[in-house]
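Coordinates as given in entry34.txt (compact mmCIF, C-alpha atoms):
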# COMPACT_ATOMS: atom_id res chain seq x y z
CA MET A 1 -14.43 7.23 -3.77
CA SER A 2 -11.99 9.35 -5.71
CA ILE A 3 -8.62 10.57 -4.49
CA HIS A 4 -6.86 13.43 -6.21
CA SER A 5 -3.40 12.52 -7.46
CA LYS A 6 -0.96 14.42 -9.60
CA GLY A 7 2.72 14.25 -10.45
CA TYR A 8 5.07 17.21 -10.47
CA GLY A 9 8.44 17.62 -12.19
CA LYS A 10 10.17 15.34 -14.66
CA ALA A 11 11.38 11.78 -14.19
CA ASP A 12 14.15 12.50 -16.71
CA ALA A 13 14.84 15.20 -19.29
CA GLN A 14 11.90 14.13 -21.47
CA GLN A 15 9.35 12.30 -19.34
CA PRO A 16 6.96 14.17 -17.04
CA ILE A 17 6.03 12.60 -13.71
CA THR A 18 2.47 11.28 -13.53
CA PRO A 19 0.60 9.37 -10.79
CA GLN A 20 1.59 6.17 -12.67
CA THR A 21 5.34 6.97 -12.81
CA GLN A 22 7.37 4.23 -11.14
CA PHE A 23 10.58 5.04 -9.32
CA PRO A 24 13.27 2.44 -8.56
CA LEU A 25 13.74 1.93 -4.83
CA ALA A 26 16.97 -0.08 -5.13
CA SER A 27 18.24 -0.89 -1.65
CA LEU A 28 16.35 1.91 0.07
CA SER A 29 13.56 -0.45 1.18
CA LYS A 30 16.12 -2.53 3.12
CA SER A 31 16.84 0.47 5.36
CA PHE A 32 13.15 1.00 6.10
CA THR A 33 12.72 -2.70 6.89
CA ALA A 34 15.72 -2.67 9.23
CA ILE A 35 14.45 0.41 11.08
CA ALA A 36 10.99 -1.13 11.46
CA ALA A 37 12.48 -4.37 12.80
CA LEU A 38 14.66 -2.54 15.32
CA GLN A 39 11.68 -0.50 16.49
CA LEU A 40 9.84 -3.78 17.13
CA VAL A 41 12.87 -5.01 19.10
CA GLU A 42 12.87 -1.82 21.20
CA ALA A 43 9.14 -2.24 21.83
CA GLY A 44 9.75 -5.81 23.01
CA LYS A 45 7.57 -7.29 20.27
CA ILE A 46 10.30 -9.38 18.62
CA ASN A 47 13.59 -10.90 19.75
CA LEU A 48 16.50 -11.00 17.31
CA ASP A 49 17.95 -14.02 19.11
CA VAL A 50 14.93 -16.19 18.19
CA CYS A 51 14.44 -17.85 14.79
CA ALA A 52 12.15 -15.79 12.53
CA LEU A 53 9.94 -18.84 12.04
CA ASN A 54 8.89 -18.52 15.69
CA HIS A 55 7.47 -15.05 14.99
CA ASN A 56 5.32 -15.83 11.98
CA LEU A 57 4.34 -19.35 10.97
CA VAL A 58 3.31 -18.10 7.51
CA LEU A 59 7.03 -17.99 6.70
CA VAL A 60 7.23 -21.78 7.00
CA ARG A 61 5.52 -22.12 3.60
CA PHE A 62 8.24 -20.07 1.91
CA TRP A 63 11.37 -21.47 3.63
Please, can you express the file's structure as C-alpha cells?
Amino acid sequence: MSIHSKGYGKADAQQPITPQTQFPLASLSKSFTAIAALQLVEAGKINLDVCALNHNLVLVRFW
C-alpha cells in the first residue's frame, strides 16, 4: 500500500522540506501529554491522586 507524501516550503534558507525532514518538538510534546492526561481524568479513566504504577504495571520495569 502506498501513501502519497510530500513536503512544502523550506526548513531553513537552504534546505527544502521533504517527507523525511525532521522537526524538533522541544517541550511541545509535554503539553500534548498533559492535555491527554487531563482528558483521561475528566473521563474518569485515571485518578491523579493514585500512584502511576497502579494504572499500568508495565511501568514497574522502568522505575
At most 12 Å is the cut-off: for each residue in segment 12-36 of chain A with any atom that close to an atom of segment 41-46 of chain A, write down the nearest atom pair and the distance in Å rounded to one decimal, counting all atoms listed in the file, chain first then increasing number, as a tab-separated table.
residue	atom	partner	partner_atom	distance
A:Ala34	CA	A:Val41	CA	10.5
A:Ile35	CA	A:Val41	CA	9.8
A:Ala36	CA	A:Val41	CA	8.8
Would you compute the distance between atom CA of Ser29 of chain A and atom CA of Gln15 of chain A? Give it in Å to one decimal. 24.5 Å
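One finds atom CA of Ser31 of chain A at 25.9 Å from atom CA of Tyr8 of chain A.
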Atom CA of Lys6 of chain A and atom CA of Pro19 of chain A, how far apart in Å?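 These atoms are spaced 5.4 Å apart.
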Which centre and edge lengths in Å to one decimal define the box along x, y and z that fits every listed atom of segment 21-32 of chain A plus 5 Å per side, as JSON?
{"center_x": 11.8, "center_y": 2.2, "center_z": -3.4, "size_x": 22.9, "size_y": 19.5, "size_z": 28.9}
